[in-house]
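Trainee: Got a file for you: my_file.pdb, PDB, C-alpha atoms.
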```pdb
ATOM      1  CA  MET A 431     -17.393  -0.421   1.183
ATOM      2  CA  ILE A 432     -17.414   1.566   4.415
ATOM      3  CA  LEU A 433     -14.170  -0.150   5.448
ATOM      4  CA  ALA A 434     -12.494   0.885   2.181
ATOM      5  CA  LEU A 435     -13.736   4.428   2.664
ATOM      6  CA  GLY A 436     -12.355   4.393   6.209
ATOM      7  CA  PHE A 437      -8.893   3.341   5.010
ATOM      8  CA  MET A 438      -8.871   5.983   2.283
ATOM      9  CA  LEU A 439     -10.103   8.650   4.698
ATOM     10  CA  ALA A 440      -7.430   7.690   7.232
ATOM     11  CA  ASN A 441      -4.859   7.883   4.439
ATOM     12  CA  ALA A 442      -6.032  11.368   3.441
ATOM     13  CA  VAL A 443      -6.017  12.600   7.043
ATOM     14  CA  LEU A 444      -2.505  11.280   7.606
ATOM     15  CA  CYS A 445      -1.349  12.923   4.372
ATOM     16  CA  GLN A 446      -2.739  16.254   5.532
ATOM     17  CA  LEU A 447      -1.151  15.906   8.956
ATOM     18  CA  ARG A 448       2.292  15.040   7.577
ATOM     19  CA  ILE A 449       2.458  17.074   4.345
ATOM     20  CA  ASP A 450       4.544  19.739   6.089
ATOM     21  CA  LEU A 451       7.264  17.133   6.652
ATOM     22  CA  VAL A 452       7.340  16.281   2.964
ATOM     23  CA  TYR A 453       7.706  19.930   1.989
ATOM     24  CA  HIS A 454      10.381  20.405   4.649
ATOM     25  CA  VAL A 455      12.422  17.412   3.428
ATOM     26  CA  ASP A 456      12.052  18.539  -0.203
ATOM     27  CA  ALA A 457      13.181  22.067   0.630
ATOM     28  CA  VAL A 458      16.315  20.748   2.330
ATOM     29  CA  ARG A 459      17.008  18.281  -0.476
ATOM     30  CA  ASN A 460      16.605  20.995  -3.142
ATOM     31  CA  GLY A 461      18.877  23.359  -1.221
ATOM     32  CA  ASP A 462      16.148  25.948  -0.674
ATOM     33  CA  ILE A 463      16.827  25.969   3.057
ATOM     34  CA  ALA A 464      19.782  24.888   5.167
ATOM     35  CA  GLN A 465      19.543  21.550   6.907
ATOM     36  CA  PRO A 466      18.200  22.265  10.414
ATOM     37  CA  PRO A 467      19.423  20.298  13.428
ATOM     38  CA  ASP A 468      16.144  18.355  13.695
ATOM     39  CA  PHE A 469      16.151  17.321  10.025
ATOM     40  CA  ASP A 470      16.866  13.660  10.786
ATOM     41  CA  ARG A 471      13.840  13.487  13.051
ATOM     42  CA  SER A 472      11.651  15.137  10.384
ATOM     43  CA  LEU A 473      12.914  12.748   7.729
ATOM     44  CA  LEU A 474      12.233   9.741   9.931
ATOM     45  CA  LYS A 475       8.695  10.960  10.678
ATOM     46  CA  ALA A 476       8.079  11.466   6.947
ATOM     47  CA  VAL A 477       9.335   7.960   6.172
ATOM     48  CA  HIS A 478       7.164   6.421   8.890
ATOM     49  CA  ALA A 479       4.138   8.339   7.592
ATOM     50  CA  GLN A 480       4.893   7.003   4.110
ATOM     51  CA  LEU A 481       4.813   3.438   5.423
ATOM     52  CA  VAL A 482       1.462   3.951   7.133
ATOM     53  CA  ASN A 483       0.094   5.657   4.007
ATOM     54  CA  SER A 484       1.222   2.738   1.850
ATOM     55  CA  ILE A 485      -0.465   0.227   4.133
ATOM     56  CA  PHE A 486      -3.717   2.215   4.382
ATOM     57  CA  CYS A 487      -3.802   2.719   0.629
ATOM     58  CA  ALA A 488      -3.196  -0.975  -0.062
ATOM     59  CA  LEU A 489      -5.843  -2.027   2.457
ATOM     60  CA  GLY A 490      -8.323   0.437   0.967
ATOM     61  CA  ILE A 491      -7.768  -0.828  -2.570
ATOM     62  CA  TRP A 492      -8.013  -4.451  -1.537
ATOM     63  CA  ALA A 493     -11.132  -3.742   0.534
ATOM     64  CA  VAL A 494     -12.782  -2.507  -2.674
ATOM     65  CA  LYS A 495     -11.724  -5.751  -4.388
ATOM     66  CA  TYR A 496     -13.322  -7.799  -1.626
ATOM     67  CA  ASN A 497     -16.496  -5.729  -1.911
ATOM     68  CA  PHE A 498     -16.685  -6.622  -5.588
ATOM     69  CA  LEU A 499     -16.190 -10.281  -4.710
ATOM     70  CA  ILE A 500     -19.003 -10.102  -2.162
ATOM     71  CA  PHE A 501     -21.225  -8.479  -4.796
ATOM     72  CA  PHE A 502     -20.392 -11.179  -7.354
ATOM     73  CA  TYR A 503     -20.992 -13.877  -4.768
ATOM     74  CA  ARG A 504     -24.464 -12.540  -4.130
ATOM     75  CA  LEU A 505     -25.165 -12.543  -7.851
ATOM     76  CA  GLY A 506     -24.175 -16.146  -8.433
ATOM     77  CA  SER A 507     -24.418 -17.886  -5.081
ATOM     78  CA  LYS A 508     -26.967 -20.404  -6.412
ATOM     79  CA  VAL A 509     -24.669 -21.731  -9.173
ATOM     80  CA  ARG A 510     -22.300 -24.303  -7.688
ATOM     81  CA  ARG A 511     -19.558 -24.038 -10.339
ATOM     82  CA  TYR A 512     -19.573 -20.245 -10.109
ATOM     83  CA  ARG A 513     -19.402 -20.359  -6.322
ATOM     84  CA  ILE A 514     -16.374 -22.697  -6.410
ATOM     85  CA  ALA A 515     -14.615 -20.475  -8.943
ATOM     86  CA  LEU A 516     -15.350 -17.438  -6.800
ATOM     87  CA  TRP A 517     -13.832 -19.065  -3.727
ATOM     88  CA  VAL A 518     -10.699 -19.793  -5.769
ATOM     89  CA  VAL A 519     -10.576 -16.105  -6.719
ATOM     90  CA  VAL A 520     -11.019 -15.147  -3.047
ATOM     91  CA  ALA A 521      -8.103 -17.419  -2.098
ATOM     92  CA  VAL A 522      -5.867 -15.976  -4.830
ATOM     93  CA  THR A 523      -6.884 -12.427  -3.890
ATOM     94  CA  THR A 524      -6.087 -13.077  -0.228
ATOM     95  CA  ALA A 525      -2.704 -14.557  -1.151
ATOM     96  CA  CYS A 526      -1.958 -11.539  -3.358
ATOM     97  CA  LEU A 527      -2.931  -9.153  -0.548
ATOM     98  CA  ARG A 528      -0.518 -10.932   1.780
ATOM     99  CA  VAL A 529       2.245 -10.679  -0.812
ATOM    100  CA  ALA A 530       1.467  -6.992  -1.398
ATOM    101  CA  LEU A 531       1.697  -6.228   2.315
ATOM    102  CA  GLY A 532       4.687  -8.508   2.787
ATOM    103  CA  THR A 533       6.721  -6.922   0.008
ATOM    104  CA  GLN A 534       6.451  -3.407   1.390
ATOM    105  CA  ASP A 535       9.911  -1.964   1.887
ATOM    106  CA  TYR A 536       9.869  -2.265   5.662
ATOM    107  CA  LEU A 537      13.666  -2.211   5.760
ATOM    108  CA  CYS A 538      13.754   1.344   4.407
ATOM    109  CA  THR A 539      10.798   2.573   6.427
ATOM    110  CA  THR A 540      11.422   1.171   9.885
ATOM    111  CA  SER A 541      15.225   1.320  10.152
ATOM    112  CA  SER A 542      17.378   4.005  11.683
ATOM    113  CA  ILE A 543      17.886   7.287   9.876
ATOM    114  CA  GLU A 544      21.516   6.384   9.229
ATOM    115  CA  PHE A 545      20.522   3.169   7.467
ATOM    116  CA  ILE A 546      17.792   4.899   5.458
ATOM    117  CA  THR A 547      19.999   7.729   4.227
ATOM    118  CA  THR A 548      22.906   5.407   3.447
ATOM    119  CA  ASN A 549      21.168   2.433   1.816
ATOM    120  CA  CYS A 550      17.686   3.346   0.638
ATOM    121  CA  GLY A 551      18.691   6.066  -1.782
ATOM    122  CA  ALA A 552      21.415   3.874  -3.293
ATOM    123  CA  SER A 553      20.814   1.999  -6.518
ATOM    124  CA  ALA A 554      20.029  -1.275  -4.706
ATOM    125  CA  GLY A 555      17.350   0.424  -2.597
ATOM    126  CA  ILE A 556      15.824   2.118  -5.616
ATOM    127  CA  LYS A 557      15.855  -1.156  -7.562
ATOM    128  CA  ARG A 558      14.136  -2.903  -4.640
ATOM    129  CA  GLN A 559      11.414  -0.224  -4.601
ATOM    130  CA  LYS A 560      10.997  -0.482  -8.378
ATOM    131  CA  ASN A 561      10.646  -4.267  -8.188
ATOM    132  CA  ASN A 562       8.150  -3.888  -5.342
ATOM    133  CA  THR A 563       6.070  -1.537  -7.488
ATOM    134  CA  ILE A 564       6.153  -3.950 -10.427
ATOM    135  CA  VAL A 565       5.125  -6.918  -8.259
ATOM    136  CA  ASN A 566       2.302  -5.015  -6.557
ATOM    137  CA  THR A 567       0.991  -3.603  -9.830
ATOM    138  CA  THR A 568       1.049  -7.056 -11.418
ATOM    139  CA  LEU A 569      -0.821  -8.564  -8.471
ATOM    140  CA  ASP A 570      -3.341  -5.736  -8.558
ATOM    141  CA  VAL A 571      -4.060  -6.278 -12.255
ATOM    142  CA  LEU A 572      -4.145 -10.059 -11.835
ATOM    143  CA  THR A 573      -6.735  -9.915  -9.074
ATOM    144  CA  ASP A 574      -8.774  -7.351 -11.018
ATOM    145  CA  VAL A 575      -8.861  -9.623 -14.053
ATOM    146  CA  LEU A 576      -9.683 -12.698 -11.980
ATOM    147  CA  SER A 577     -12.522 -11.000 -10.154
ATOM    148  CA  LYS A 578     -14.086  -9.709 -13.360
ATOM    149  CA  CYS A 579     -13.947 -13.040 -15.266
TER
END
```
Let's see the structure in the file written out as structure tokens.
Mentor:
Amino acid sequence: MILALGFMLANAVLCQLRIDLVYHVDAVRNGDIAQPPDFDRSLLKAVHAQLVNSIFCALGIWAVKYNFLIFFYRLGSKVRRYRIALWVVVAVTTACLRVALGTQDYLCTTSSIEFITTNCGASAGIKRQKNNTIVNTTLDVLTDVLSKC
């Protein structure tokens, strides 16, 4: 549980360190301020921070899942059938974690600013992010249900 807390704390610290970039990008996008010359650099930093936040958040959530699995293992470690079923759930949970991390939109968070501004706000980029959210939410619910059964 300490590991999960560490990921969530790191996520919160990074959010606090980079929140000024988010407000800056929003102000430019809303037309509240003129686009400064260093806007591209600020946008790229904000996008990179978003990627790190997404990874820390995912790792924190999945660390909590593994803590529950460890707890359930301790409860039923003497029952062979339960132990086998739990190892199957651990394998499925690990596979789902890999999919969740693998389906992050790395293309729109690690590319050049030109690529990000041209492609990631377009309908294909938005659809890709929407599908990523649906897949990750489905995997999250699936592993929650499996670990509680």
Trainee: On this structure, which residues satisfy the PyMOL selection byres ((chain A and resi 567) around 12), written as a PyMOL selection string?
Mentor: chain A and resi 488+491+526-527+529-530+533+560-566+568-574
Trainee: Got a sec to resolve the PyMOL selection byres ((chain A and resi 490) around 12) on this structure and send the residues as a PyMOL selection string?
Mentor: chain A and resi 431-442+483-489+491-497+527
Trainee: Could the residues in this selection be written to a file with C-alpha atoms, as a compact mmCIF listing (two decimals), in the coordinates of the input?
Mentor:
```
# COMPACT_ATOMS: atom_id res chain seq x y z
CA MET A 431 -17.39 -0.42 1.18
CA ILE A 432 -17.41 1.57 4.42
CA LEU A 433 -14.17 -0.15 5.45
CA ALA A 434 -12.49 0.88 2.18
CA LEU A 435 -13.74 4.43 2.66
CA GLY A 436 -12.36 4.39 6.21
CA PHE A 437 -8.89 3.34 5.01
CA MET A 438 -8.87 5.98 2.28
CA LEU A 439 -10.10 8.65 4.70
CA ALA A 440 -7.43 7.69 7.23
CA ASN A 441 -4.86 7.88 4.44
CA ALA A 442 -6.03 11.37 3.44
CA ASN A 483 0.09 5.66 4.01
CA SER A 484 1.22 2.74 1.85
CA ILE A 485 -0.46 0.23 4.13
CA PHE A 486 -3.72 2.22 4.38
CA CYS A 487 -3.80 2.72 0.63
CA ALA A 488 -3.20 -0.98 -0.06
CA LEU A 489 -5.84 -2.03 2.46
CA ILE A 491 -7.77 -0.83 -2.57
CA TRP A 492 -8.01 -4.45 -1.54
CA ALA A 493 -11.13 -3.74 0.53
CA VAL A 494 -12.78 -2.51 -2.67
CA LYS A 495 -11.72 -5.75 -4.39
CA TYR A 496 -13.32 -7.80 -1.63
CA ASN A 497 -16.50 -5.73 -1.91
CA LEU A 527 -2.93 -9.15 -0.55
```
Trainee: Quote the spacing between CA of Phe545 (chain A) and CA of His454 (chain A) in Å to one decimal place.
Mentor: 20.2 Å
Trainee: Can you list, as a PyMOL selection string, every protein, DNA or RNA residue that comes within 12 Å of Thr540 (chain A) when you count all atoms listed in the file, leaving out same-chain residues fewer than 2 positions away?
Mentor: chain A and resi 473-482+534-538+542-546+550
Trainee: Need the shell around Tyr512 (chain A): protein/DNA/RNA residues with any atom at most 12 Å away, counting only C-alpha atoms. Skip same-chain ones fewer than 4 positions apart. Format as a count of residues only?
Mentor: 14
Trainee: Would you mind reading off the distance between CA of Gly461 (chain A) and CA of Thr547 (chain A), one decimal, in Å?
Mentor: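 Between CA of Gly461 (chain A) and CA of Thr547 (chain A) the gap works out to 16.6 Å.
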Trainee: Pick out the closest residue to Val458 (chain A) from this set: A:Gly555, A:Arg510, A:Thr523, A:Ser472. Count only C-alpha atoms.
Mentor: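 Among A:Gly555, A:Arg510, A:Thr523, A:Ser472, it is A:Ser472 that comes nearest to Val458 (chain A).
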Trainee: A:Ala552, A:Leu451, A:Cys445, A:Ala525: which is nearest Arg471 (chain A), counting all atoms listed in the file?
Mentor: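 That would be A:Leu451, the residue with the smallest distance to Arg471 (chain A).
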Trainee: So what do you get for CA of Asp462 (chain A) versus CA of Ile449 (chain A), distance-wise?
Mentor: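 Between these atoms lies a distance of 17.1 Å.
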